[in-house]
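To start, the structure itself, in C-alpha cells.
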Amino acid sequence: MALHDQTRKTASGDSGRAASGENGEIASRLLGWYDAHHRDLPWRIAPPELARGIRPDPYRVWLSEVMLQQTTVEAVKSYFRAFVEKWPDVEALAASPTEDVMKAWAGLGYYSRARNLKACADLVARQGGRFPDTQAELRELPGIGAYTAAAIAAIAFDQPAAVVDGNVERVVSRLFSIATPLSEAKGEVRAHVECMVPATRPGDFAQAMMDLGATICTPRRPRCMLCPLREDCSATVSGDPERFPVRLPKGEKPLRRGAAFVAIRDDGAILLRKRADKGLLGGMTEVPTTSWTARIDGATTDAAAPFPGNWRPVGRIGHVFTHFALELDVFKTMTDGGAPAGHFWSLADEISGEALPTVMKKVIEAAIPGATKKRRAH
C-alpha cells in the first residue's frame, strides 16, 4: 500500500499529459493557473511545497474534508487549526474522549460528522494509525462516502480519482452547458470529470477545480475574464454562464415550533442536559427543550418546563436545519434548586466550552446575552 511517503509527480510540465486531446489541454491550463493562484489553506500542501518534497498528511486531508462537508472554508479554518493543535495525529484524536471531540466540534453543525470522525479515528488507530490509499478501502471507514474517499485518495495519495463537490459541479456544468437539472445530472458531471483527471498531479487537479469554482466560477457574477478555461467553456461562449447548473425549484421547508428553558442558578450556572447519541444533534448538549422534531411540533408554553418556577418569556429564536426550520419560544427563570434527573449545572465560565449546537447557543444568548462567548483571561 502506498502511504503518505509515496513519491508524487509535481513538475508543472507533466501536468495533464496522460489526459488526451482537449481534456488534456484543459487539465494543463487549469494546473498552470493553480500553480500561480492556489488558495493558501491550513490543510493544504501547495505546489511549491510539493516541489520541495513535502508530502500531504492523510490525517490532515481527511480531517479537513470531513469538516468541509456542507460547511464553508472560512468557517472551517479556525476549527481545523484548533483540532490539529489539540490532536496532531489520528492516534491522539482516537485517545480523546468523545465528549471532548463533540465540544471542539460545537458550532460546525451536522454533528453526525463528529461522531463518525471519532469512530473513524478509533478504527484507523486500531489498524496501526495509517489511512488506506484506495477509494474502495477508504469507503469502508466510518463517515467516508464517495466524495470524501475520492478527495483523500487524490489529494493525500495522488490517485487519479474524480473528486466532485459543489464547486466542481458548477464548473463542469458551465464548461459543457449541461442542461439537465443538477439533481439528475450528477452521473453526467462525474463522467466528464473522470475524462479530465490527469494521471500526474490528480490531487492538484482536484484542488484546482475546487479553487476555480470558489474564486472564479462563482454562483453569481462569475469572473469569466480571469478564468483559465474561458475559451473552453461553452456557457461563457453562449454568454449566459449563470444559467448553469440548472436547478429544480426548491420546495419550502416545513416550520416546526417548540419551547426552550434557560434555568439560571444563583451562582450563574446554567441547567443543561445531553441529547441522545443518535438522531438530530445526537450527543450534543442542550438546555431543556420540548419534544420537537423534523416532523412534529413540541409544546410552546412554560407548562412544559423541566420544573415549576417563575418562568418568563424572553424572546423567540429561529434556526434552519437541512430539512426544516425551527422556532423556539425561550423562557428563563432563576433558581436555587438542584438539577432534575438527567440534567447538570454548567458554570458561567464553562458554558463556552460545552458541546452546544448553534441553535442552543441562540437560545442561551436570548436569555443571557454574551453567555456563550469565550471569556478573555485577565
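Letters for chains follow the order of the C-alpha cells (A, B, ...), residue numbers begin at 1 for each chain, and ligand numbers begin at 1 in the order shown.
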Would you mind listing what lies within 9 Å of range 134-142 of chain A as a PDB file with N, CA, C and O atoms, in the first residue's frame, with only C-alpha atoms counted and same-chain residues fewer than 5 positions away left out?
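Printed below is part38.pdb as written:
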ATOM      1  N   MET A   1       0.847  -1.198   0.000  1.00  0.00           N
ATOM      2  CA  MET A   1       0.000   0.000   0.000  1.00  0.00           C
ATOM      3  C   MET A   1       0.879   1.243   0.000  1.00  0.00           C
ATOM      4  O   MET A   1       1.768   1.387   0.831  1.00  0.00           O
ATOM      5  N   ASN A 116     -18.921  10.305  13.583  1.00  0.00           N
ATOM      6  CA  ASN A 116     -18.232   9.440  12.636  1.00  0.00           C
ATOM      7  C   ASN A 116     -16.731   9.719  12.608  1.00  0.00           C
ATOM      8  O   ASN A 116     -15.927   8.804  12.388  1.00  0.00           O
ATOM      9  N   LEU A 117     -16.359  10.977  12.808  1.00  0.00           N
ATOM     10  CA  LEU A 117     -14.945  11.341  12.853  1.00  0.00           C
ATOM     11  C   LEU A 117     -14.233  10.569  13.964  1.00  0.00           C
ATOM     12  O   LEU A 117     -13.162   9.989  13.755  1.00  0.00           O
ATOM     13  N   LYS A 118     -14.850  10.557  15.136  1.00  0.00           N
ATOM     14  CA  LYS A 118     -14.260   9.839  16.264  1.00  0.00           C
ATOM     15  C   LYS A 118     -14.232   8.341  16.000  1.00  0.00           C
ATOM     16  O   LYS A 118     -13.229   7.661  16.272  1.00  0.00           O
ATOM     17  N   ALA A 119     -15.313   7.794  15.456  1.00  0.00           N
ATOM     18  CA  ALA A 119     -15.355   6.367  15.154  1.00  0.00           C
ATOM     19  C   ALA A 119     -14.296   5.981  14.124  1.00  0.00           C
ATOM     20  O   ALA A 119     -13.642   4.934  14.237  1.00  0.00           O
ATOM     21  N   CYS A 120     -14.095   6.834  13.129  1.00  0.00           N
ATOM     22  CA  CYS A 120     -13.087   6.573  12.103  1.00  0.00           C
ATOM     23  C   CYS A 120     -11.682   6.631  12.711  1.00  0.00           C
ATOM     24  O   CYS A 120     -10.841   5.772  12.431  1.00  0.00           O
ATOM     25  N   ALA A 121     -11.428   7.640  13.542  1.00  0.00           N
ATOM     26  CA  ALA A 121     -10.123   7.750  14.196  1.00  0.00           C
ATOM     27  C   ALA A 121      -9.843   6.522  15.048  1.00  0.00           C
ATOM     28  O   ALA A 121      -8.724   5.984  15.046  1.00  0.00           O
ATOM     29  N   LEU A 123     -10.951   3.490  14.629  1.00  0.00           N
ATOM     30  CA  LEU A 123     -10.680   2.327  13.785  1.00  0.00           C
ATOM     31  C   LEU A 123      -9.299   2.423  13.139  1.00  0.00           C
ATOM     32  O   LEU A 123      -8.540   1.445  13.131  1.00  0.00           O
ATOM     33  N   VAL A 124      -8.967   3.593  12.592  1.00  0.00           N
ATOM     34  CA  VAL A 124      -7.656   3.755  11.950  1.00  0.00           C
ATOM     35  C   VAL A 124      -6.537   3.566  12.970  1.00  0.00           C
ATOM     36  O   VAL A 124      -5.516   2.939  12.679  1.00  0.00           O
ATOM     37  N   THR A 148     -15.683  11.979  -0.224  1.00  0.00           N
ATOM     38  CA  THR A 148     -14.558  12.093   0.703  1.00  0.00           C
ATOM     39  C   THR A 148     -13.468  11.081   0.374  1.00  0.00           C
ATOM     40  O   THR A 148     -12.277  11.389   0.433  1.00  0.00           O
ATOM     41  N   ALA A 149     -13.875   9.863   0.005  1.00  0.00           N
ATOM     42  CA  ALA A 149     -12.896   8.847  -0.369  1.00  0.00           C
ATOM     43  C   ALA A 149     -12.093   9.289  -1.592  1.00  0.00           C
ATOM     44  O   ALA A 149     -10.857   9.135  -1.637  1.00  0.00           O
ATOM     45  N   ALA A 150     -12.780   9.854  -2.577  1.00  0.00           N
ATOM     46  CA  ALA A 150     -12.087  10.323  -3.775  1.00  0.00           C
ATOM     47  C   ALA A 150     -11.133  11.467  -3.453  1.00  0.00           C
ATOM     48  O   ALA A 150      -9.999  11.514  -3.952  1.00  0.00           O
ATOM     49  N   ALA A 151     -11.590  12.390  -2.603  1.00  0.00           N
ATOM     50  CA  ALA A 151     -10.752  13.537  -2.253  1.00  0.00           C
ATOM     51  C   ALA A 151      -9.490  13.093  -1.514  1.00  0.00           C
ATOM     52  O   ALA A 151      -8.383  13.577  -1.804  1.00  0.00           O
ATOM     53  N   ILE A 152      -9.627  12.186  -0.555  1.00  0.00           N
ATOM     54  CA  ILE A 152      -8.453  11.712   0.189  1.00  0.00           C
ATOM     55  C   ILE A 152      -7.516  10.945  -0.737  1.00  0.00           C
ATOM     56  O   ILE A 152      -6.295  11.132  -0.707  1.00  0.00           O
ATOM     57  N   ALA A 153      -8.081  10.069  -1.580  1.00  0.00           N
ATOM     58  CA  ALA A 153      -7.254   9.285  -2.489  1.00  0.00           C
ATOM     59  C   ALA A 153      -6.458  10.184  -3.427  1.00  0.00           C
ATOM     60  O   ALA A 153      -5.265   9.961  -3.677  1.00  0.00           O
ATOM     61  N   PHE A 157      -2.908  10.803  -1.670  1.00  0.00           N
ATOM     62  CA  PHE A 157      -2.158   9.691  -2.246  1.00  0.00           C
ATOM     63  C   PHE A 157      -1.970   9.785  -3.757  1.00  0.00           C
ATOM     64  O   PHE A 157      -1.474   8.849  -4.376  1.00  0.00           O
ATOM     65  N   GLN A 159      -3.906   9.491  -6.215  1.00  0.00           N
ATOM     66  CA  GLN A 159      -4.634   8.537  -7.039  1.00  0.00           C
ATOM     67  C   GLN A 159      -5.506   9.308  -8.034  1.00  0.00           C
ATOM     68  O   GLN A 159      -6.068  10.344  -7.698  1.00  0.00           O
ATOM     69  N   ALA A 161      -8.418  10.013  -8.992  1.00  0.00           N
ATOM     70  CA  ALA A 161      -9.820   9.902  -8.601  1.00  0.00           C
ATOM     71  C   ALA A 161     -10.587  11.138  -9.053  1.00  0.00           C
ATOM     72  O   ALA A 161     -10.053  12.252  -9.046  1.00  0.00           O
TER      73      ALA A 161
END
Range 302-357 of chain A: which residues are strand (DSSP E or B) by DSSP, as a PyMOL selection string?
-> chain A and resi 312-320+325-335+343-346
Let me see the file: selected residues, N, CA and C atoms, as a PDB file, in the first residue's frame.
ATOM      1  N   ARG A 312     -40.401  33.193  32.751  1.00  0.00           N
ATOM      2  CA  ARG A 312     -40.897  34.347  31.999  1.00  0.00           C
ATOM      3  C   ARG A 312     -40.345  34.310  30.575  1.00  0.00           C
ATOM      4  N   PRO A 313     -41.153  34.689  29.604  1.00  0.00           N
ATOM      5  CA  PRO A 313     -40.692  34.663  28.211  1.00  0.00           C
ATOM      6  C   PRO A 313     -39.646  35.749  27.959  1.00  0.00           C
ATOM      7  N   VAL A 314     -38.599  35.395  27.207  1.00  0.00           N
ATOM      8  CA  VAL A 314     -37.537  36.369  26.908  1.00  0.00           C
ATOM      9  C   VAL A 314     -37.303  36.521  25.405  1.00  0.00           C
ATOM     10  N   GLY A 315     -38.143  35.889  24.616  1.00  0.00           N
ATOM     11  CA  GLY A 315     -37.998  36.059  23.169  1.00  0.00           C
ATOM     12  C   GLY A 315     -38.201  34.771  22.406  1.00  0.00           C
ATOM     13  N   ARG A 316     -37.988  34.846  21.126  1.00  0.00           N
ATOM     14  CA  ARG A 316     -38.134  33.694  20.225  1.00  0.00           C
ATOM     15  C   ARG A 316     -36.932  33.658  19.296  1.00  0.00           C
ATOM     16  N   ILE A 317     -36.372  32.480  19.086  1.00  0.00           N
ATOM     17  CA  ILE A 317     -35.240  32.353  18.164  1.00  0.00           C
ATOM     18  C   ILE A 317     -35.646  31.461  16.998  1.00  0.00           C
ATOM     19  N   GLY A 318     -34.994  31.650  15.880  1.00  0.00           N
ATOM     20  CA  GLY A 318     -35.225  30.822  14.708  1.00  0.00           C
ATOM     21  C   GLY A 318     -33.935  30.152  14.275  1.00  0.00           C
ATOM     22  N   HIS A 319     -34.054  28.971  13.728  1.00  0.00           N
ATOM     23  CA  HIS A 319     -32.884  28.250  13.235  1.00  0.00           C
ATOM     24  C   HIS A 319     -33.321  27.383  12.066  1.00  0.00           C
ATOM     25  N   VAL A 320     -32.445  27.259  11.067  1.00  0.00           N
ATOM     26  CA  VAL A 320     -32.766  26.475   9.879  1.00  0.00           C
ATOM     27  C   VAL A 320     -31.890  25.233   9.837  1.00  0.00           C
ATOM     28  N   ALA A 325     -37.263  24.239   9.223  1.00  0.00           N
ATOM     29  CA  ALA A 325     -36.947  25.433  10.004  1.00  0.00           C
ATOM     30  C   ALA A 325     -37.564  25.274  11.387  1.00  0.00           C
ATOM     31  N   LEU A 326     -36.973  25.916  12.364  1.00  0.00           N
ATOM     32  CA  LEU A 326     -37.430  25.764  13.743  1.00  0.00           C
ATOM     33  C   LEU A 326     -37.563  27.117  14.408  1.00  0.00           C
ATOM     34  N   GLU A 327     -38.646  27.306  15.164  1.00  0.00           N
ATOM     35  CA  GLU A 327     -38.807  28.477  16.029  1.00  0.00           C
ATOM     36  C   GLU A 327     -39.008  27.992  17.454  1.00  0.00           C
ATOM     37  N   LEU A 328     -38.236  28.549  18.374  1.00  0.00           N
ATOM     38  CA  LEU A 328     -38.352  28.181  19.783  1.00  0.00           C
ATOM     39  C   LEU A 328     -38.682  29.413  20.617  1.00  0.00           C
ATOM     40  N   ASP A 329     -39.758  29.330  21.394  1.00  0.00           N
ATOM     41  CA  ASP A 329     -40.040  30.355  22.387  1.00  0.00           C
ATOM     42  C   ASP A 329     -39.154  30.077  23.599  1.00  0.00           C
ATOM     43  N   VAL A 330     -38.445  31.116  24.043  1.00  0.00           N
ATOM     44  CA  VAL A 330     -37.446  30.945  25.101  1.00  0.00           C
ATOM     45  C   VAL A 330     -37.988  31.493  26.421  1.00  0.00           C
ATOM     46  N   PHE A 331     -37.853  30.682  27.465  1.00  0.00           N
ATOM     47  CA  PHE A 331     -38.274  31.068  28.806  1.00  0.00           C
ATOM     48  C   PHE A 331     -37.060  31.009  29.745  1.00  0.00           C
ATOM     49  N   LYS A 332     -37.106  31.857  30.765  1.00  0.00           N
ATOM     50  CA  LYS A 332     -35.973  31.994  31.680  1.00  0.00           C
ATOM     51  C   LYS A 332     -36.477  32.055  33.114  1.00  0.00           C
ATOM     52  N   THR A 333     -35.699  31.460  34.026  1.00  0.00           N
ATOM     53  CA  THR A 333     -36.016  31.565  35.452  1.00  0.00           C
ATOM     54  C   THR A 333     -34.739  31.501  36.271  1.00  0.00           C
ATOM     55  N   MET A 334     -34.793  32.037  37.473  1.00  0.00           N
ATOM     56  CA  MET A 334     -33.719  31.899  38.457  1.00  0.00           C
ATOM     57  C   MET A 334     -34.145  30.837  39.468  1.00  0.00           C
ATOM     58  N   THR A 335     -33.168  30.083  39.971  1.00  0.00           N
ATOM     59  CA  THR A 335     -33.490  29.022  40.921  1.00  0.00           C
ATOM     60  C   THR A 335     -32.312  28.743  41.836  1.00  0.00           C
ATOM     61  N   HIS A 343     -30.054  15.938  34.193  1.00  0.00           N
ATOM     62  CA  HIS A 343     -29.574  17.294  33.916  1.00  0.00           C
ATOM     63  C   HIS A 343     -28.331  17.579  34.755  1.00  0.00           C
ATOM     64  N   PHE A 344     -27.618  18.647  34.397  1.00  0.00           N
ATOM     65  CA  PHE A 344     -26.450  19.064  35.182  1.00  0.00           C
ATOM     66  C   PHE A 344     -26.278  20.575  35.071  1.00  0.00           C
ATOM     67  N   TRP A 345     -25.544  21.139  36.014  1.00  0.00           N
ATOM     68  CA  TRP A 345     -25.277  22.573  36.004  1.00  0.00           C
ATOM     69  C   TRP A 345     -23.913  22.841  35.366  1.00  0.00           C
ATOM     70  N   SER A 346     -23.849  23.824  34.512  1.00  0.00           N
ATOM     71  CA  SER A 346     -22.585  24.258  33.914  1.00  0.00           C
ATOM     72  C   SER A 346     -22.309  25.678  34.363  1.00  0.00           C
TER      73      SER A 346
END
To one decimal in Å, tell me the separation between CA of Ala125 in chain A and CA of Tyr59 in chain A.
->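 Going from CA of Ala125 in chain A over to CA of Tyr59 in chain A covers 11.0 Å.
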Please provide as JSON, numbers by chain all residues within 8 Å of Arg247 in chain A, with the sequence filter that same-chain residues fewer than 2 positions apart are discarded (counting only C-alpha atoms).
-> {"A": [181, 182, 183, 245, 249]}
Put those residues in a file: all heavy atoms, as a PDB file, in the first residue's frame.
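Written file, again-v9.pdb:
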ATOM      1  N   PRO A 181     -31.216  19.146 -15.172  1.00  0.00           N
ATOM      2  CA  PRO A 181     -31.161  19.638 -13.789  1.00  0.00           C
ATOM      3  C   PRO A 181     -30.090  18.886 -13.001  1.00  0.00           C
ATOM      4  O   PRO A 181     -29.921  17.673 -13.150  1.00  0.00           O
ATOM      5  CB  PRO A 181     -32.564  19.347 -13.257  1.00  0.00           C
ATOM      6  CG  PRO A 181     -33.434  19.395 -14.469  1.00  0.00           C
ATOM      7  CD  PRO A 181     -32.596  18.815 -15.571  1.00  0.00           C
ATOM      8  N   LEU A 182     -29.368  19.616 -12.166  1.00  0.00           N
ATOM      9  CA  LEU A 182     -28.206  19.058 -11.483  1.00  0.00           C
ATOM     10  C   LEU A 182     -28.552  17.814 -10.671  1.00  0.00           C
ATOM     11  O   LEU A 182     -27.763  16.870 -10.600  1.00  0.00           O
ATOM     12  CB  LEU A 182     -27.580  20.120 -10.575  1.00  0.00           C
ATOM     13  CG  LEU A 182     -26.297  19.720  -9.848  1.00  0.00           C
ATOM     14  CD1 LEU A 182     -25.215  19.305 -10.849  1.00  0.00           C
ATOM     15  CD2 LEU A 182     -25.799  20.872  -8.982  1.00  0.00           C
ATOM     16  N   SER A 183     -29.734  17.802 -10.060  1.00  0.00           N
ATOM     17  CA  SER A 183     -30.115  16.646  -9.256  1.00  0.00           C
ATOM     18  C   SER A 183     -30.154  15.362 -10.077  1.00  0.00           C
ATOM     19  O   SER A 183     -30.006  14.258  -9.531  1.00  0.00           O
ATOM     20  CB  SER A 183     -31.480  16.884  -8.603  1.00  0.00           C
ATOM     21  OG  SER A 183     -32.477  17.131  -9.595  1.00  0.00           O
ATOM     22  N   PRO A 245     -25.281  25.710 -12.959  1.00  0.00           N
ATOM     23  CA  PRO A 245     -26.032  24.487 -13.205  1.00  0.00           C
ATOM     24  C   PRO A 245     -27.539  24.729 -13.101  1.00  0.00           C
ATOM     25  O   PRO A 245     -27.990  25.563 -12.319  1.00  0.00           O
ATOM     26  CB  PRO A 245     -25.551  23.537 -12.115  1.00  0.00           C
ATOM     27  CG  PRO A 245     -25.102  24.427 -11.006  1.00  0.00           C
ATOM     28  CD  PRO A 245     -24.553  25.659 -11.668  1.00  0.00           C
ATOM     29  N   PRO A 249     -36.853  24.005  -8.924  1.00  0.00           N
ATOM     30  CA  PRO A 249     -37.287  24.900  -7.842  1.00  0.00           C
ATOM     31  C   PRO A 249     -37.316  24.164  -6.504  1.00  0.00           C
ATOM     32  O   PRO A 249     -37.716  23.007  -6.421  1.00  0.00           O
ATOM     33  CB  PRO A 249     -38.708  25.309  -8.280  1.00  0.00           C
ATOM     34  CG  PRO A 249     -38.742  25.067  -9.748  1.00  0.00           C
ATOM     35  CD  PRO A 249     -37.854  23.893  -9.998  1.00  0.00           C
TER      36      PRO A 249
END
Just the residues within 9 Å of Gly107 in chain A, please, counting only C-alpha atoms, with nothing from its chain fewer than 6 positions along; format it as a list of chain:residue names.
->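 Skipping anything fewer than 6 positions along the chain leaves A:Ala355, A:Leu356, A:Pro357, A:Thr358, A:Val359, A:Lys361.
With only C-alpha atoms taken into account, the protein and nucleic acid residues at most 10 Å from Tyr110 in chain A (excluding it and anything under 4 positions from it in its own chain) are A:Met67, A:Gln69, A:Gln70, A:Thr71, A:Trp105, A:Ala106, A:Ala114, A:Arg115, A:Leu280, A:Leu281, A:Gly282, A:Phe321, A:Thr322, A:Pro357.
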Write a file of the just-selected residues containing C-alpha atoms, as a compact mmCIF listing (two decimals), in the first residue's frame.
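Heads up, here's the output in selection-v3.txt:
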# COMPACT_ATOMS: atom_id res chain seq x y z
CA MET A 67 -15.05 19.38 8.27
CA GLN A 69 -18.74 18.76 4.14
CA GLN A 70 -21.64 21.23 3.90
CA THR A 71 -19.55 23.93 5.62
CA TRP A 105 -16.89 20.44 17.04
CA ALA A 106 -19.73 22.54 18.52
CA ALA A 114 -18.20 14.48 14.57
CA ARG A 115 -19.44 11.13 15.82
CA LEU A 280 -30.76 15.10 15.27
CA LEU A 281 -27.96 16.87 17.21
CA GLY A 282 -27.06 13.46 18.66
CA PHE A 321 -31.82 22.81 9.64
CA THR A 322 -31.31 20.90 6.40
CA PRO A 357 -25.02 23.33 18.86
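Nearest residue to Arg60 in chain A, choosing from A:Glu85, A:Pro48, A:Glu74, A:Ile26 and counting only C-alpha atoms: A:Glu85.
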Report the distance between CA of Gly213 in chain A and CA of Asn167 in chain A in Å, rounded to one decimal place.
->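 Atom-to-atom, CA of Gly213 in chain A to CA of Asn167 in chain A, that is 4.5 Å.
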